[in-house]
Amino acid sequence: MRYISLLLLCLLLQACTQTQKGLTDSVKLALLGPDDVQVTPEQVESLPYASMYLRVNDGQRIFVVLGFDENGQQKWITRDRSVVVTQHGRVVKTLGLTDNLVDVTNLQQDPLADALHLTEGASWTRTLSWTEAGKFRAGTAVSHFTRGNDQVLDLAGNKVACRVWQEHVELAADGKSWTNIFWVDTTTGQIRQSRQTLGGDYFPIETTILKPAKS
């Protein structure tokens, strides 16, 4: 593990309007070496930005900050200016990665929108579109949720009690299936940690929220 210094490089993204909760600046941290990044609780707290750990396609764990929080979606910026967009803790779009999640439909019915009231067997149907080895893919995905054992996560020095939900996903057209896992803060209902894939049991992404966005 390697501790990183807080080297702040501001990226002017766009001007805020009064209807946006977004930040006008994003920050990227200089990451050195091949090891997973680890930041201290003091470093997380000192930044005025929401932040999280991100691991893409089983690669190095990196530290990213929130660029914008608008229209119910959070746009997280990597140091190479790739973007991971989440909604209710679910990755709903990516830009600038080797392969990308293009679109997710029917987000208004996503059970994660009210994660504190998730029930055993809750289901959700949507259309996913993504790229796989550069080729466009799409399919109708059906999810069913089952509850796992509760866990307490240590996040930036804070103990966070979480309900653990497994989302079993199937693409009926080609028979592919996979499982996403979400850790739900028992107090706020926020997704504090997740393991999910872009689509078709392909290109895993792991997120760990260190400092949540202010509601």
# chains A, B, ... in the order shown; residues from 1 in each chain; ligands from 1

call {"tool": "select_by_dssp", "arguments": {"residues": "chain A", "states": "strand (DSSP E)", "output": "PyMOL selection string"}}
result
chain A and resi 2-3+9-12+25-28+37-38+51-56+61-70+73-77+83-87+90-95+101-104+123-132+135-147+151-155+158-171+176-185+191-199+202-211

call {"tool": "select_by_dssp", "arguments": {"residues": "region 3-210 of chain A", "states": "alpha helix (DSSP H)", "output": "list in words"}}
result
Pro41, Glu42, Gln43, Val44, Glu45 and Ser46 of chain A

call {"tool": "residues_around", "arguments": {"residues": "Thr179 (chain A)", "least_positions_apart": "4", "cutoff": "12 Å", "atoms": "only C-alpha atoms", "output": "compact mmCIF listing (two decimals) with C-alpha atoms, in the first residue's frame"}}
result
# COMPACT_ATOMS: atom_id res chain seq x y z
CA ALA A 141 -31.63 -7.49 -17.94
CA VAL A 142 -33.84 -8.81 -15.15
CA SER A 143 -32.71 -8.50 -11.51
CA HIS A 144 -33.82 -10.16 -8.30
CA PHE A 145 -32.51 -9.02 -4.91
CA THR A 146 -31.61 -11.20 -1.93
CA TRP A 165 -27.86 -6.89 -0.85
CA GLN A 166 -27.03 -9.24 -3.69
CA GLU A 167 -28.55 -8.46 -7.07
CA HIS A 168 -28.78 -11.49 -9.32
CA VAL A 169 -28.95 -10.36 -12.93
CA GLU A 170 -29.85 -12.33 -16.05
CA LEU A 171 -29.76 -11.41 -19.73
CA SER A 194 -20.48 -1.96 -4.40
CA ARG A 195 -19.26 -4.60 -6.81
CA GLN A 196 -21.00 -4.42 -10.17
CA THR A 197 -20.38 -4.93 -13.89
CA LEU A 198 -21.01 -2.77 -16.93
CA GLY A 199 -23.12 -5.42 -18.62
CA GLY A 200 -23.19 -9.03 -19.74
CA ASP A 201 -21.00 -10.23 -16.86
CA TYR A 202 -18.21 -8.12 -18.32
CA PRO A 204 -16.26 -5.33 -13.24

call {"tool": "atom_distance", "arguments": {"atom1": "CA of Thr208 (chain A)", "atom2": "CA of Met52 (chain A)"}}
result
5.3 Å

call {"tool": "residues_around", "arguments": {"residues": "region 127-129 of chain A", "least_positions_apart": "2", "cutoff": "9 Å", "atoms": "only C-alpha atoms", "output": "VMD selection string"}}
result
chain A and resid 100 to 106 125 131 136 to 142 198 to 200

call {"tool": "atom_distance", "arguments": {"atom1": "CA of Gly96 (chain A)", "atom2": "CA of Thr78 (chain A)"}}
result
9.6 Å

call {"tool": "closest_residue", "arguments": {"among": "A:Asp114, A:Asp36, A:Asp174, A:Glu120", "to": "Thr186 (chain A)", "atoms": "only C-alpha atoms"}}
result
A:Asp114

call {"tool": "atom_distance", "arguments": {"atom1": "CA of Gln73 (chain A)", "atom2": "CA of Arg90 (chain A)"}}
result
9.6 Å

call {"tool": "closest_residue", "arguments": {"among": "A:Val92, A:Leu66, A:Ala213, A:Leu47", "to": "Trp130 (chain A)", "atoms": "only C-alpha atoms"}}
result
A:Val92

call {"tool": "residues_around", "arguments": {"residues": "Arg81 (chain A)", "least_positions_apart": "2", "cutoff": "9 Å", "atoms": "only C-alpha atoms", "output": "list in words"}}
result
Lys28, Ile77, Thr78, Arg79, Val83, Leu95 and Gly96 of chain A

call {"tool": "residues_around", "arguments": {"residues": "Asn158 (chain A)", "least_positions_apart": "6", "cutoff": "12 Å", "atoms": "only C-alpha atoms", "output": "MDAnalysis selection string"}}
result
chainID A and resid 40:42 44:45 152 185 192 209:211
